[in-house]
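Novice: The structure is given below, and queries will be raised subsequently.
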Amino acid sequence: MRQVLADQYAEFAAARAGHLYRSACLLTAGDTYLAEDLVQETLGRLYISWHRVARVGNPAGYAQTVLTRAFLAHQRRRSSKERATAEFPEQVYADHGDVPLRLTLLQALARLPAKDRAVVVLRYWEDRSIEETADAMNASSAAVRTRCTRALGRLRELLGEDLGEYARF
């Protein structure tokens, strides 16, 4: 039985690690090192409780919730404000997308408070409902709606009123 659970976990982790990493990069506003740490922490927590998680109807959603909560817990710690450099490391994107656009969006996300950033990522990157986002963040639906409105307003200030040009990717 243990080997079956271990095989299921390994298959799940291999399939979801890339998606979790992309979400973590957005949550951390491009801090790839912190994103890797958050994904490892998430996968470690899932491994420990995989016997229960495997029975959940949506282990991918559970993993995303663990990732979001790990990110928010990290943001509450004092040491999370330390930064080794103000520059983004050189990054290579597999799809050769518009790198300046990505950096602009990541910089705008970085200027949002952690909880507002988490709401934006969960609602618009993960395409979760308000209720699912509220559950992942241990918040009320009203708080999520308020944070969404505030975060989108702040992004409009940072990126300009015409967000249509940024929505094409």
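Chain labels A, B, ... are given in the sequence in which chains occur in the structure tokens; within each chain residues are numbered consecutively from 1, and ligands are likewise numbered from 1 in the order shown.
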If we count only C-alpha atoms, what is near A:Leu72 at a cut-off of 12 Å, once residues fewer than 2 positions away on the same chain are taken out, given as a list in words?

Specialist: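 Surrounding residues, per the criterion: Ala24, Leu27, Thr28, Leu38, Thr65, Val66, Leu67, Thr68, Arg69, Ala70, His74, Gln75, Arg76, Arg77, Ser80, Pro113, Ala114, Lys115, Asp116, Arg117, Ala118, Val119, Ala136, Met137 and Asn138 of chain A.
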
Novice: Excluding same-chain residues fewer than 5 positions from stretch 100-112 of chain A, what lies within 8 Å of it counting only C-alpha atoms, as a list in words?

Specialist: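 Selected residues are Leu26, Thr28, Ala29, Gly30, Arg117, Ala151, Arg154, Leu155, Leu158, Leu159 and Tyr166 of chain A.
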
Novice: Dump all heavy atoms for the selected residues as a compact mmCIF listing (two decimals), in the first residue's frame?

Specialist:
# COMPACT_ATOMS: atom_id res chain seq x y z
N LEU A 26 4.52 34.03 -9.78
CA LEU A 26 3.60 35.17 -9.78
C LEU A 26 3.36 35.68 -8.37
O LEU A 26 3.32 36.89 -8.13
CB LEU A 26 2.28 34.79 -10.44
CG LEU A 26 2.35 34.58 -11.95
CD1 LEU A 26 1.04 34.02 -12.47
CD2 LEU A 26 2.69 35.87 -12.67
N THR A 28 5.35 35.55 -5.86
CA THR A 28 6.56 36.20 -5.35
C THR A 28 7.01 37.34 -6.24
O THR A 28 8.07 37.92 -6.00
CB THR A 28 7.71 35.18 -5.21
OG1 THR A 28 8.01 34.65 -6.50
CG2 THR A 28 7.35 34.08 -4.24
N ALA A 29 6.23 37.65 -7.26
CA ALA A 29 6.53 38.75 -8.19
C ALA A 29 7.89 38.56 -8.86
O ALA A 29 8.66 39.49 -9.01
CB ALA A 29 6.45 40.10 -7.50
N GLY A 30 8.18 37.33 -9.25
CA GLY A 30 9.38 37.06 -10.03
C GLY A 30 10.58 36.60 -9.24
O GLY A 30 11.63 36.37 -9.82
N ARG A 117 -1.75 40.60 -3.85
CA ARG A 117 -1.09 39.84 -4.91
C ARG A 117 -1.62 38.41 -4.95
O ARG A 117 -1.89 37.87 -6.01
CB ARG A 117 0.42 39.84 -4.65
CG ARG A 117 1.22 39.29 -5.79
CD ARG A 117 2.72 39.35 -5.53
NE ARG A 117 3.13 40.45 -4.69
CZ ARG A 117 4.08 40.35 -3.76
NH1 ARG A 117 4.73 39.24 -3.58
NH2 ARG A 117 4.39 41.40 -3.03
N ALA A 151 -6.79 45.72 -5.49
CA ALA A 151 -5.61 45.29 -6.23
C ALA A 151 -5.70 45.68 -7.70
O ALA A 151 -4.72 46.16 -8.29
CB ALA A 151 -5.42 43.78 -6.09
N ARG A 154 -5.13 49.37 -8.04
CA ARG A 154 -3.70 49.69 -7.89
C ARG A 154 -2.94 49.30 -9.15
O ARG A 154 -2.06 50.05 -9.61
CB ARG A 154 -3.13 48.97 -6.67
CG ARG A 154 -1.68 49.22 -6.43
CD ARG A 154 -1.43 50.64 -5.97
NE ARG A 154 0.00 50.77 -5.69
CZ ARG A 154 0.73 51.79 -6.05
NH1 ARG A 154 0.17 52.83 -6.65
NH2 ARG A 154 2.01 51.83 -5.79
N LEU A 155 -3.26 48.15 -9.75
CA LEU A 155 -2.60 47.75 -11.00
C LEU A 155 -2.91 48.73 -12.12
O LEU A 155 -2.04 49.04 -12.94
CB LEU A 155 -3.01 46.32 -11.39
CG LEU A 155 -2.38 45.20 -10.58
CD1 LEU A 155 -2.98 43.86 -10.98
CD2 LEU A 155 -0.87 45.18 -10.74
N LEU A 158 -0.66 51.64 -11.67
CA LEU A 158 0.72 51.33 -12.01
C LEU A 158 0.93 51.11 -13.50
O LEU A 158 1.97 51.47 -14.05
CB LEU A 158 1.18 50.07 -11.25
CG LEU A 158 1.26 50.20 -9.74
CD1 LEU A 158 1.49 48.84 -9.10
CD2 LEU A 158 2.37 51.17 -9.34
N LEU A 159 -0.05 50.49 -14.17
CA LEU A 159 0.11 50.12 -15.58
C LEU A 159 -0.61 51.06 -16.53
O LEU A 159 -0.47 50.93 -17.75
CB LEU A 159 -0.38 48.69 -15.80
CG LEU A 159 0.35 47.61 -15.01
CD1 LEU A 159 -0.35 46.27 -15.16
CD2 LEU A 159 1.80 47.51 -15.44
N TYR A 166 -2.00 44.51 -22.00
CA TYR A 166 -1.32 43.53 -21.15
C TYR A 166 -2.08 42.21 -21.10
O TYR A 166 -1.55 41.21 -20.66
CB TYR A 166 -1.18 44.08 -19.73
CG TYR A 166 -0.32 45.31 -19.67
CD1 TYR A 166 -0.87 46.56 -19.42
CD2 TYR A 166 1.05 45.22 -19.87
CE1 TYR A 166 -0.08 47.69 -19.36
CE2 TYR A 166 1.85 46.35 -19.84
CZ TYR A 166 1.27 47.57 -19.59
OH TYR A 166 2.05 48.69 -19.54

Novice: Just want the 9 Å neighbourhood of stretch 31-37 of chain A, counted on only C-alpha atoms, with same-chain residues fewer than 4 positions away dropped. Output as a VMD selection string.

Specialist: chain A and resid 20 to 27 41 to 42 71 88 to 89

Novice: For those residues, write N, CA, C and O atoms to a file as a JSON list (two decimals), in the first residue's frame.

Specialist:
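Produced file again.json, reproduced below:
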[["chain", "number", "residue", "atom", "x", "y", "z"],
["A", 20, "LEU", "N", 2.77, 24.65, -10.22],
["A", 20, "LEU", "CA", 2.98, 25.25, -8.91],
["A", 20, "LEU", "C", 4.11, 26.28, -8.96],
["A", 20, "LEU", "O", 4.01, 27.35, -8.35],
["A", 21, "TYR", "N", 5.16, 25.97, -9.70],
["A", 21, "TYR", "CA", 6.28, 26.90, -9.82],
["A", 21, "TYR", "C", 5.85, 28.20, -10.51],
["A", 21, "TYR", "O", 6.21, 29.29, -10.07],
["A", 22, "ARG", "N", 5.08, 28.09, -11.59],
["A", 22, "ARG", "CA", 4.61, 29.30, -12.28],
["A", 22, "ARG", "C", 3.74, 30.15, -11.36],
["A", 22, "ARG", "O", 3.86, 31.37, -11.31],
["A", 23, "SER", "N", 2.86, 29.50, -10.61],
["A", 23, "SER", "CA", 2.02, 30.23, -9.66],
["A", 23, "SER", "C", 2.87, 30.88, -8.58],
["A", 23, "SER", "O", 2.63, 32.03, -8.19],
["A", 24, "ALA", "N", 3.86, 30.16, -8.09],
["A", 24, "ALA", "CA", 4.74, 30.71, -7.05],
["A", 24, "ALA", "C", 5.53, 31.90, -7.58],
["A", 24, "ALA", "O", 5.75, 32.87, -6.85],
["A", 25, "CYS", "N", 5.95, 31.83, -8.83],
["A", 25, "CYS", "CA", 6.67, 32.98, -9.43],
["A", 25, "CYS", "C", 5.79, 34.22, -9.46],
["A", 25, "CYS", "O", 6.25, 35.33, -9.20],
["A", 26, "LEU", "N", 4.52, 34.03, -9.78],
["A", 26, "LEU", "CA", 3.60, 35.17, -9.78],
["A", 26, "LEU", "C", 3.36, 35.68, -8.37],
["A", 26, "LEU", "O", 3.32, 36.89, -8.13],
["A", 27, "LEU", "N", 3.18, 34.76, -7.42],
["A", 27, "LEU", "CA", 2.96, 35.18, -6.04],
["A", 27, "LEU", "C", 4.14, 35.97, -5.50],
["A", 27, "LEU", "O", 3.98, 36.94, -4.78],
["A", 41, "GLU", "N", 8.53, 23.47, -0.32],
["A", 41, "GLU", "CA", 7.80, 23.39, 0.95],
["A", 41, "GLU", "C", 6.40, 22.79, 0.73],
["A", 41, "GLU", "O", 5.95, 21.94, 1.49],
["A", 42, "THR", "N", 5.75, 23.21, -0.34],
["A", 42, "THR", "CA", 4.43, 22.69, -0.66],
["A", 42, "THR", "C", 4.48, 21.19, -0.94],
["A", 42, "THR", "O", 3.68, 20.42, -0.40],
["A", 71, "PHE", "N", 3.06, 30.88, 1.06],
["A", 71, "PHE", "CA", 3.49, 32.21, 0.63],
["A", 71, "PHE", "C", 3.06, 33.27, 1.65],
["A", 71, "PHE", "O", 3.86, 34.12, 2.05],
["A", 88, "PHE", "N", 16.27, 41.86, -11.25],
["A", 88, "PHE", "CA", 15.80, 40.52, -11.55],
["A", 88, "PHE", "C", 16.95, 39.73, -12.16],
["A", 88, "PHE", "O", 17.72, 40.27, -12.96],
["A", 89, "PRO", "N", 17.07, 38.44, -11.83],
["A", 89, "PRO", "CA", 18.10, 37.65, -12.49],
["A", 89, "PRO", "C", 17.74, 37.46, -13.95],
["A", 89, "PRO", "O", 16.57, 37.55, -14.33]]

Novice: Write out as JSON, numbers by chain each polymer residue whose atoms come within 8 Å of A:Val144, counting only C-alpha atoms; drop sequence neighbours fewer than 3 positions from it.

Specialist: {"A": [119, 130, 133, 134, 139, 140, 141, 147, 148]}

Novice: Kindly save the residues from that selection, with N, CA, C and O atoms included, as a PDB file, in the first residue's frame.

Specialist:
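Contents of result31.pdb, as written:
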ATOM      1  N   VAL A 119      -4.566  37.383  -4.020  1.00  0.00           N
ATOM      2  CA  VAL A 119      -5.922  37.422  -4.567  1.00  0.00           C
ATOM      3  C   VAL A 119      -5.885  37.509  -6.093  1.00  0.00           C
ATOM      4  O   VAL A 119      -6.606  36.794  -6.789  1.00  0.00           O
ATOM      5  N   ILE A 130     -14.588  33.407  -6.251  1.00  0.00           N
ATOM      6  CA  ILE A 130     -14.384  34.200  -5.039  1.00  0.00           C
ATOM      7  C   ILE A 130     -14.412  33.301  -3.809  1.00  0.00           C
ATOM      8  O   ILE A 130     -13.582  33.433  -2.906  1.00  0.00           O
ATOM      9  N   THR A 133     -11.198  31.242  -3.603  1.00  0.00           N
ATOM     10  CA  THR A 133     -10.102  32.118  -3.195  1.00  0.00           C
ATOM     11  C   THR A 133     -10.205  32.427  -1.710  1.00  0.00           C
ATOM     12  O   THR A 133      -9.205  32.397  -0.992  1.00  0.00           O
ATOM     13  N   ALA A 134     -11.409  32.704  -1.239  1.00  0.00           N
ATOM     14  CA  ALA A 134     -11.614  32.992   0.179  1.00  0.00           C
ATOM     15  C   ALA A 134     -11.209  31.794   1.031  1.00  0.00           C
ATOM     16  O   ALA A 134     -10.554  31.952   2.073  1.00  0.00           O
ATOM     17  N   ALA A 139     -10.178  33.673   4.393  1.00  0.00           N
ATOM     18  CA  ALA A 139     -10.785  35.002   4.462  1.00  0.00           C
ATOM     19  C   ALA A 139     -12.256  34.884   4.053  1.00  0.00           C
ATOM     20  O   ALA A 139     -12.687  33.867   3.526  1.00  0.00           O
ATOM     21  N   SER A 140     -13.001  35.951   4.278  1.00  0.00           N
ATOM     22  CA  SER A 140     -14.404  35.951   3.860  1.00  0.00           C
ATOM     23  C   SER A 140     -14.498  36.320   2.384  1.00  0.00           C
ATOM     24  O   SER A 140     -13.586  36.909   1.811  1.00  0.00           O
ATOM     25  N   SER A 141     -15.632  35.991   1.778  1.00  0.00           N
ATOM     26  CA  SER A 141     -15.862  36.349   0.374  1.00  0.00           C
ATOM     27  C   SER A 141     -15.852  37.864   0.192  1.00  0.00           C
ATOM     28  O   SER A 141     -15.342  38.371  -0.810  1.00  0.00           O
ATOM     29  N   ARG A 147     -10.441  43.078  -1.690  1.00  0.00           N
ATOM     30  CA  ARG A 147      -9.028  43.006  -2.089  1.00  0.00           C
ATOM     31  C   ARG A 147      -8.878  42.984  -3.603  1.00  0.00           C
ATOM     32  O   ARG A 147      -7.953  43.568  -4.153  1.00  0.00           O
ATOM     33  N   CYS A 148      -9.792  42.288  -4.292  1.00  0.00           N
ATOM     34  CA  CYS A 148      -9.753  42.252  -5.763  1.00  0.00           C
ATOM     35  C   CYS A 148      -9.916  43.658  -6.334  1.00  0.00           C
ATOM     36  O   CYS A 148      -9.147  44.069  -7.209  1.00  0.00           O
TER      37      CYS A 148
END
